[in-house]
Amino acid sequence: MMTTVAIEKVLWVKEGEGISACGKIPDHSEFFQDHFPGFPVLPGVLALEMLKQTAERYLESLPGGSGQHYFLKQIRATRFTKYLRPGDEWESRLQLIQNSGTETTWEAKLYHHNEVAVAAKLTLAKVQNPHSITSA
């Protein structure tokens with residue numbers, strides 16, 4: 001079974017403002033075997049996924065948000081400034097920039113020891129027909 005990186009706790013949610021969540025990178029995840037042997041680091045795509053999941057938690061907390069599905073429409077201004085390694089604790093902090101009802105834009109940062117490890121501007125869009133989502 002593959003161990004994934006997941007939110008362990010939502011620290012705060014402020015409607016119209018943003019959200020913060022935290023977790024810990026599992027010590028023994030399969031993705032560390034290839035990324036990279038001898039110097040395991042969290043793949044950047046998983047760091048971005050953690051930020052996306054944080055935004056989804058915010059959207060789920062809104063009235064009528066439960067059961068909605070979102071996809072990552074756009075990633076911009078991405079910076080990876082610090083390695084995240086097995087066992088590292090992290091905190092995501094997302095500031096809501098725009099919410100049109102069908103799309104949200106975020107200033108998203110992932111912290112390790114109060115230092116920015118990953119920063120990006122994310123746009124999530126609501127899936128219009130969630131029944132068309134299939135899993136592989």
# chains A, B, ... in the order shown; residues from 1 in each chain; ligands from 1

$ select_by_dssp --residues "segment 55-108 of chain A" --states "strand (DSSP E)" --output "PyMOL selection string"
chain A and resi 70-80+89-99+103-108

$ write_last_selection --atoms "N, CA and C atoms" --output "tab-separated table (two decimals), in the first residue's frame"
chain	number	residue	atom	x	y	z
A	70	TYR	N	-13.21	19.69	-7.32
A	70	TYR	CA	-12.42	20.75	-7.93
A	70	TYR	C	-11.21	20.16	-8.63
A	71	PHE	N	-10.74	20.85	-9.66
A	71	PHE	CA	-9.49	20.46	-10.30
A	71	PHE	C	-8.56	21.66	-10.32
A	72	LEU	N	-7.27	21.37	-10.39
A	72	LEU	CA	-6.26	22.41	-10.42
A	72	LEU	C	-6.17	22.95	-11.84
A	73	LYS	N	-6.70	24.12	-12.06
A	73	LYS	CA	-6.77	24.71	-13.40
A	73	LYS	C	-5.46	25.38	-13.80
A	74	GLN	N	-4.81	26.02	-12.84
A	74	GLN	CA	-3.60	26.76	-13.18
A	74	GLN	C	-2.66	26.84	-11.98
A	75	ILE	N	-1.37	26.75	-12.26
A	75	ILE	CA	-0.32	26.94	-11.26
A	75	ILE	C	0.63	27.98	-11.84
A	76	ARG	N	0.86	29.05	-11.09
A	76	ARG	CA	1.76	30.11	-11.56
A	76	ARG	C	2.72	30.51	-10.43
A	77	ALA	N	3.77	31.21	-10.81
A	77	ALA	CA	4.73	31.79	-9.87
A	77	ALA	C	5.19	30.78	-8.82
A	78	THR	N	5.50	29.58	-9.25
A	78	THR	CA	5.89	28.52	-8.33
A	78	THR	C	7.37	28.62	-7.99
A	79	ARG	N	7.66	28.53	-6.69
A	79	ARG	CA	9.05	28.55	-6.22
A	79	ARG	C	9.24	27.43	-5.19
A	80	PHE	N	10.27	26.65	-5.40
A	80	PHE	CA	10.67	25.62	-4.44
A	80	PHE	C	11.96	26.12	-3.81
A	89	GLU	N	7.66	18.02	9.47
A	89	GLU	CA	6.34	18.60	9.70
A	89	GLU	C	6.20	19.81	8.80
A	90	TRP	N	4.98	20.06	8.33
A	90	TRP	CA	4.72	21.15	7.42
A	90	TRP	C	3.45	21.88	7.82
A	91	GLU	N	3.35	23.11	7.34
A	91	GLU	CA	2.13	23.89	7.52
A	91	GLU	C	1.83	24.60	6.20
A	92	SER	N	0.60	24.51	5.75
A	92	SER	CA	0.17	25.23	4.56
A	92	SER	C	-0.63	26.44	5.00
A	93	ARG	N	-0.40	27.55	4.31
A	93	ARG	CA	-1.16	28.77	4.57
A	93	ARG	C	-1.60	29.33	3.23
A	94	LEU	N	-2.90	29.41	3.04
A	94	LEU	CA	-3.45	29.87	1.77
A	94	LEU	C	-4.29	31.12	1.99
A	95	GLN	N	-4.02	32.13	1.20
A	95	GLN	CA	-4.80	33.36	1.23
A	95	GLN	C	-5.67	33.40	-0.02
A	96	LEU	N	-6.96	33.57	0.18
A	96	LEU	CA	-7.90	33.65	-0.93
A	96	LEU	C	-7.75	35.00	-1.63
A	97	ILE	N	-7.48	34.94	-2.93
A	97	ILE	CA	-7.30	36.17	-3.71
A	97	ILE	C	-8.60	36.50	-4.45
A	98	GLN	N	-9.25	35.45	-5.00
A	98	GLN	CA	-10.48	35.68	-5.78
A	98	GLN	C	-11.36	34.44	-5.67
A	99	ASN	N	-12.68	34.68	-5.58
A	99	ASN	CA	-13.65	33.59	-5.57
A	99	ASN	C	-14.83	34.01	-6.43
A	103	GLU	N	-14.57	29.37	-9.71
A	103	GLU	CA	-13.11	29.32	-9.63
A	103	GLU	C	-12.63	30.09	-8.40
A	104	THR	N	-11.55	29.60	-7.81
A	104	THR	CA	-10.91	30.32	-6.72
A	104	THR	C	-9.42	30.44	-7.03
A	105	THR	N	-8.84	31.58	-6.67
A	105	THR	CA	-7.42	31.80	-6.86
A	105	THR	C	-6.80	32.05	-5.49
A	106	TRP	N	-5.63	31.45	-5.29
A	106	TRP	CA	-4.97	31.43	-3.98
A	106	TRP	C	-3.52	31.84	-4.07
A	107	GLU	N	-3.06	32.55	-3.06
A	107	GLU	CA	-1.64	32.74	-2.80
A	107	GLU	C	-1.33	31.65	-1.78
A	108	ALA	N	-0.56	30.64	-2.20
A	108	ALA	CA	-0.38	29.44	-1.39
A	108	ALA	C	1.09	29.27	-1.00

$ select_by_dssp --residues "chain A" --states "alpha helix (DSSP H)" --output "ChimeraX atom specification"
/A:44-61

$ closest_residue --among "A:Lys126, A:His69, A:Phe32, A:Gly64" --to "Leu46 of chain A" --atoms "only C-alpha atoms"
A:Phe32

$ closest_residue --among "A:Met50, A:Leu84, A:Val10, A:Leu62" --to "Leu122 of chain A" --atoms "only C-alpha atoms"
A:Met50

$ residues_around --residues "Thr81 of chain A" --least-positions-apart "5" --cutoff "9 Å" --atoms "only C-alpha atoms" --output "list in words"
Glu115, Val116, Ala117, Val118 and Ala119 of chain A

$ closest_residue --among "A:Glu8, A:Gly44, A:Ser66, A:Leu59" --to "Ala125 of chain A" --atoms "only C-alpha atoms"
A:Leu59

$ closest_residue --among "A:Val41, A:Thr54, A:Leu11, A:Tyr111" --to "His28 of chain A" --atoms "only C-alpha atoms"
A:Val41

$ closest_residue --among "A:Gln68, A:Asn114, A:Thr4, A:Ser100" --to "Leu42 of chain A" --atoms "only C-alpha atoms"
A:Thr4

$ residues_around --residues "Glu15 of chain A" --least-positions-apart "2" --cutoff "10 Å" --atoms "only C-alpha atoms" --output "PyMOL selection string"
chain A and resi 12-13+17-19+58-59+61-62+96

$ write_last_selection --atoms "N, CA and C atoms" --output "compact mmCIF listing (two decimals), in the first residue's frame"
# COMPACT_ATOMS: atom_id res chain seq x y z
N TRP A 12 -6.91 26.69 11.07
CA TRP A 12 -7.94 27.73 11.06
C TRP A 12 -8.52 27.91 9.67
N VAL A 13 -9.75 28.38 9.64
CA VAL A 13 -10.44 28.73 8.40
C VAL A 13 -11.15 30.05 8.66
N GLU A 17 -11.16 34.84 3.61
CA GLU A 17 -9.75 35.17 3.82
C GLU A 17 -8.81 34.03 3.45
N GLY A 18 -9.02 32.84 4.07
CA GLY A 18 -8.11 31.74 3.78
C GLY A 18 -8.17 30.62 4.78
N ILE A 19 -7.10 29.84 4.81
CA ILE A 19 -7.05 28.62 5.60
C ILE A 19 -5.60 28.27 5.91
N TYR A 58 -10.91 24.32 2.53
CA TYR A 58 -11.58 25.61 2.69
C TYR A 58 -12.92 25.59 1.96
N LEU A 59 -12.89 25.18 0.69
CA LEU A 59 -14.10 25.18 -0.13
C LEU A 59 -15.17 24.25 0.44
N SER A 61 -15.65 23.72 3.53
CA SER A 61 -16.18 24.32 4.76
C SER A 61 -17.25 25.38 4.49
N LEU A 62 -17.35 25.84 3.25
CA LEU A 62 -18.33 26.87 2.91
C LEU A 62 -19.74 26.28 2.84
N LEU A 96 -6.96 33.57 0.18
CA LEU A 96 -7.90 33.65 -0.93
C LEU A 96 -7.75 35.00 -1.63

$ closest_residue --among "A:Glu49, A:His35, A:Pro40, A:Thr102" --to "Val5 of chain A" --atoms "only C-alpha atoms"
A:Glu49

$ residues_around --residues "Pro26 of chain A" --least-positions-apart "6" --cutoff "9 Å" --atoms "only C-alpha atoms" --output "PyMOL selection string"
chain A and resi 3-5+85-88

$ atom_distance --atom1 "atom CA of Val127 of chain A" --atom2 "atom CA of Glu60 of chain A"
13.6 Å

$ decode --residues "segment 62-109 of chain A" --atoms "N, CA and C atoms" --output "PDB file, in the first residue's frame"
ATOM      1  N   LEU A  62     -17.348  25.845   3.246  1.00  0.00           N
ATOM      2  CA  LEU A  62     -18.333  26.869   2.910  1.00  0.00           C
ATOM      3  C   LEU A  62     -19.737  26.279   2.840  1.00  0.00           C
ATOM      4  N   PRO A  63     -20.764  27.086   3.088  1.00  0.00           N
ATOM      5  CA  PRO A  63     -22.129  26.584   2.935  1.00  0.00           C
ATOM      6  C   PRO A  63     -22.342  26.040   1.514  1.00  0.00           C
ATOM      7  N   GLY A  64     -22.816  24.809   1.409  1.00  0.00           N
ATOM      8  CA  GLY A  64     -23.047  24.163   0.122  1.00  0.00           C
ATOM      9  C   GLY A  64     -21.785  23.587  -0.507  1.00  0.00           C
ATOM     10  N   GLY A  65     -20.652  23.668   0.175  1.00  0.00           N
ATOM     11  CA  GLY A  65     -19.384  23.197  -0.377  1.00  0.00           C
ATOM     12  C   GLY A  65     -19.142  21.712  -0.245  1.00  0.00           C
ATOM     13  N   SER A  66     -19.863  21.068   0.642  1.00  0.00           N
ATOM     14  CA  SER A  66     -19.682  19.638   0.841  1.00  0.00           C
ATOM     15  C   SER A  66     -20.111  18.870  -0.411  1.00  0.00           C
ATOM     16  N   GLY A  67     -19.281  17.940  -0.837  1.00  0.00           N
ATOM     17  CA  GLY A  67     -19.608  17.116  -1.996  1.00  0.00           C
ATOM     18  C   GLY A  67     -19.203  17.710  -3.330  1.00  0.00           C
ATOM     19  N   GLN A  68     -18.679  18.928  -3.327  1.00  0.00           N
ATOM     20  CA  GLN A  68     -18.217  19.545  -4.569  1.00  0.00           C
ATOM     21  C   GLN A  68     -16.844  18.975  -4.946  1.00  0.00           C
ATOM     22  N   HIS A  69     -16.523  18.996  -6.228  1.00  0.00           N
ATOM     23  CA  HIS A  69     -15.233  18.512  -6.714  1.00  0.00           C
ATOM     24  C   HIS A  69     -14.538  19.629  -7.478  1.00  0.00           C
ATOM     25  N   TYR A  70     -13.213  19.688  -7.318  1.00  0.00           N
ATOM     26  CA  TYR A  70     -12.424  20.751  -7.933  1.00  0.00           C
ATOM     27  C   TYR A  70     -11.208  20.162  -8.631  1.00  0.00           C
ATOM     28  N   PHE A  71     -10.741  20.852  -9.661  1.00  0.00           N
ATOM     29  CA  PHE A  71      -9.490  20.456 -10.302  1.00  0.00           C
ATOM     30  C   PHE A  71      -8.555  21.657 -10.321  1.00  0.00           C
ATOM     31  N   LEU A  72      -7.265  21.370 -10.390  1.00  0.00           N
ATOM     32  CA  LEU A  72      -6.256  22.411 -10.420  1.00  0.00           C
ATOM     33  C   LEU A  72      -6.166  22.948 -11.840  1.00  0.00           C
ATOM     34  N   LYS A  73      -6.700  24.124 -12.057  1.00  0.00           N
ATOM     35  CA  LYS A  73      -6.774  24.706 -13.397  1.00  0.00           C
ATOM     36  C   LYS A  73      -5.460  25.377 -13.798  1.00  0.00           C
ATOM     37  N   GLN A  74      -4.805  26.018 -12.840  1.00  0.00           N
ATOM     38  CA  GLN A  74      -3.603  26.760 -13.185  1.00  0.00           C
ATOM     39  C   GLN A  74      -2.660  26.842 -11.977  1.00  0.00           C
ATOM     40  N   ILE A  75      -1.369  26.747 -12.263  1.00  0.00           N
ATOM     41  CA  ILE A  75      -0.315  26.935 -11.263  1.00  0.00           C
ATOM     42  C   ILE A  75       0.634  27.982 -11.842  1.00  0.00           C
ATOM     43  N   ARG A  76       0.856  29.054 -11.089  1.00  0.00           N
ATOM     44  CA  ARG A  76       1.764  30.110 -11.558  1.00  0.00           C
ATOM     45  C   ARG A  76       2.716  30.512 -10.435  1.00  0.00           C
ATOM     46  N   ALA A  77       3.775  31.206 -10.815  1.00  0.00           N
ATOM     47  CA  ALA A  77       4.731  31.791  -9.868  1.00  0.00           C
ATOM     48  C   ALA A  77       5.190  30.780  -8.817  1.00  0.00           C
ATOM     49  N   THR A  78       5.501  29.581  -9.251  1.00  0.00           N
ATOM     50  CA  THR A  78       5.893  28.522  -8.330  1.00  0.00           C
ATOM     51  C   THR A  78       7.372  28.625  -7.991  1.00  0.00           C
ATOM     52  N   ARG A  79       7.665  28.529  -6.687  1.00  0.00           N
ATOM     53  CA  ARG A  79       9.049  28.547  -6.219  1.00  0.00           C
ATOM     54  C   ARG A  79       9.237  27.434  -5.189  1.00  0.00           C
ATOM     55  N   PHE A  80      10.272  26.647  -5.398  1.00  0.00           N
ATOM     56  CA  PHE A  80      10.670  25.623  -4.442  1.00  0.00           C
ATOM     57  C   PHE A  80      11.960  26.123  -3.807  1.00  0.00           C
ATOM     58  N   THR A  81      11.925  26.443  -2.510  1.00  0.00           N
ATOM     59  CA  THR A  81      13.066  27.087  -1.866  1.00  0.00           C
ATOM     60  C   THR A  81      13.696  26.272  -0.747  1.00  0.00           C
ATOM     61  N   LYS A  82      13.062  25.176  -0.368  1.00  0.00           N
ATOM     62  CA  LYS A  82      13.576  24.365   0.744  1.00  0.00           C
ATOM     63  C   LYS A  82      13.147  22.925   0.526  1.00  0.00           C
ATOM     64  N   TYR A  83      14.062  21.988   0.746  1.00  0.00           N
ATOM     65  CA  TYR A  83      13.721  20.568   0.626  1.00  0.00           C
ATOM     66  C   TYR A  83      12.793  20.155   1.754  1.00  0.00           C
ATOM     67  N   LEU A  84      11.827  19.323   1.421  1.00  0.00           N
ATOM     68  CA  LEU A  84      10.991  18.661   2.418  1.00  0.00           C
ATOM     69  C   LEU A  84      11.376  17.194   2.403  1.00  0.00           C
ATOM     70  N   ARG A  85      11.678  16.674   3.585  1.00  0.00           N
ATOM     71  CA  ARG A  85      12.248  15.332   3.687  1.00  0.00           C
ATOM     72  C   ARG A  85      11.350  14.430   4.533  1.00  0.00           C
ATOM     73  N   PRO A  86      11.615  13.118   4.514  1.00  0.00           N
ATOM     74  CA  PRO A  86      10.816  12.192   5.329  1.00  0.00           C
ATOM     75  C   PRO A  86      10.792  12.626   6.796  1.00  0.00           C
ATOM     76  N   GLY A  87       9.603  12.622   7.384  1.00  0.00           N
ATOM     77  CA  GLY A  87       9.432  12.969   8.790  1.00  0.00           C
ATOM     78  C   GLY A  87       9.271  14.456   9.060  1.00  0.00           C
ATOM     79  N   ASP A  88       9.447  15.307   8.046  1.00  0.00           N
ATOM     80  CA  ASP A  88       9.303  16.752   8.248  1.00  0.00           C
ATOM     81  C   ASP A  88       7.850  17.122   8.525  1.00  0.00           C
ATOM     82  N   GLU A  89       7.661  18.025   9.467  1.00  0.00           N
ATOM     83  CA  GLU A  89       6.342  18.600   9.701  1.00  0.00           C
ATOM     84  C   GLU A  89       6.195  19.814   8.799  1.00  0.00           C
ATOM     85  N   TRP A  90       4.983  20.055   8.334  1.00  0.00           N
ATOM     86  CA  TRP A  90       4.722  21.154   7.416  1.00  0.00           C
ATOM     87  C   TRP A  90       3.453  21.878   7.817  1.00  0.00           C
ATOM     88  N   GLU A  91       3.345  23.111   7.340  1.00  0.00           N
ATOM     89  CA  GLU A  91       2.128  23.890   7.517  1.00  0.00           C
ATOM     90  C   GLU A  91       1.830  24.603   6.204  1.00  0.00           C
ATOM     91  N   SER A  92       0.603  24.512   5.750  1.00  0.00           N
ATOM     92  CA  SER A  92       0.174  25.229   4.557  1.00  0.00           C
ATOM     93  C   SER A  92      -0.631  26.443   4.995  1.00  0.00           C
ATOM     94  N   ARG A  93      -0.396  27.553   4.314  1.00  0.00           N
ATOM     95  CA  ARG A  93      -1.159  28.775   4.574  1.00  0.00           C
ATOM     96  C   ARG A  93      -1.597  29.328   3.227  1.00  0.00           C
ATOM     97  N   LEU A  94      -2.899  29.410   3.037  1.00  0.00           N
ATOM     98  CA  LEU A  94      -3.448  29.875   1.770  1.00  0.00           C
ATOM     99  C   LEU A  94      -4.292  31.116   1.994  1.00  0.00           C
ATOM    100  N   GLN A  95      -4.016  32.129   1.203  1.00  0.00           N
ATOM    101  CA  GLN A  95      -4.795  33.360   1.229  1.00  0.00           C
ATOM    102  C   GLN A  95      -5.667  33.397  -0.019  1.00  0.00           C
ATOM    103  N   LEU A  96      -6.965  33.573   0.180  1.00  0.00           N
ATOM    104  CA  LEU A  96      -7.905  33.653  -0.927  1.00  0.00           C
ATOM    105  C   LEU A  96      -7.749  34.996  -1.628  1.00  0.00           C
ATOM    106  N   ILE A  97      -7.477  34.936  -2.925  1.00  0.00           N
ATOM    107  CA  ILE A  97      -7.301  36.166  -3.714  1.00  0.00           C
ATOM    108  C   ILE A  97      -8.597  36.497  -4.445  1.00  0.00           C
ATOM    109  N   GLN A  98      -9.253  35.453  -5.003  1.00  0.00           N
ATOM    110  CA  GLN A  98     -10.476  35.675  -5.778  1.00  0.00           C
ATOM    111  C   GLN A  98     -11.356  34.441  -5.671  1.00  0.00           C
ATOM    112  N   ASN A  99     -12.679  34.680  -5.575  1.00  0.00           N
ATOM    113  CA  ASN A  99     -13.648  33.590  -5.570  1.00  0.00           C
ATOM    114  C   ASN A  99     -14.825  34.011  -6.433  1.00  0.00           C
ATOM    115  N   SER A 100     -14.930  33.366  -7.609  1.00  0.00           N
ATOM    116  CA  SER A 100     -16.020  33.713  -8.527  1.00  0.00           C
ATOM    117  C   SER A 100     -17.210  32.776  -8.386  1.00  0.00           C
ATOM    118  N   GLY A 101     -17.100  31.791  -7.489  1.00  0.00           N
ATOM    119  CA  GLY A 101     -18.156  30.796  -7.357  1.00  0.00           C
ATOM    120  C   GLY A 101     -17.812  29.513  -8.089  1.00  0.00           C
ATOM    121  N   THR A 102     -17.226  29.632  -9.277  1.00  0.00           N
ATOM    122  CA  THR A 102     -16.808  28.434 -10.017  1.00  0.00           C
ATOM    123  C   THR A 102     -15.292  28.276 -10.011  1.00  0.00           C
ATOM    124  N   GLU A 103     -14.565  29.372  -9.706  1.00  0.00           N
ATOM    125  CA  GLU A 103     -13.106  29.317  -9.628  1.00  0.00           C
ATOM    126  C   GLU A 103     -12.631  30.089  -8.401  1.00  0.00           C
ATOM    127  N   THR A 104     -11.550  29.596  -7.814  1.00  0.00           N
ATOM    128  CA  THR A 104     -10.906  30.318  -6.718  1.00  0.00           C
ATOM    129  C   THR A 104      -9.421  30.438  -7.031  1.00  0.00           C
ATOM    130  N   THR A 105      -8.842  31.578  -6.666  1.00  0.00           N
ATOM    131  CA  THR A 105      -7.418  31.803  -6.855  1.00  0.00           C
ATOM    132  C   THR A 105      -6.796  32.047  -5.486  1.00  0.00           C
ATOM    133  N   TRP A 106      -5.632  31.447  -5.291  1.00  0.00           N
ATOM    134  CA  TRP A 106      -4.975  31.431  -3.979  1.00  0.00           C
ATOM    135  C   TRP A 106      -3.520  31.840  -4.067  1.00  0.00           C
ATOM    136  N   GLU A 107      -3.061  32.553  -3.063  1.00  0.00           N
ATOM    137  CA  GLU A 107      -1.642  32.739  -2.801  1.00  0.00           C
ATOM    138  C   GLU A 107      -1.326  31.651  -1.783  1.00  0.00           C
ATOM    139  N   ALA A 108      -0.564  30.638  -2.203  1.00  0.00           N
ATOM    140  CA  ALA A 108      -0.376  29.440  -1.392  1.00  0.00           C
ATOM    141  C   ALA A 108       1.090  29.270  -0.997  1.00  0.00           C
ATOM    142  N   LYS A 109       1.301  28.953   0.280  1.00  0.00           N
ATOM    143  CA  LYS A 109       2.662  28.723   0.767  1.00  0.00           C
ATOM    144  C   LYS A 109       2.679  27.501   1.672  1.00  0.00           C
TER     145      LYS A 109
END
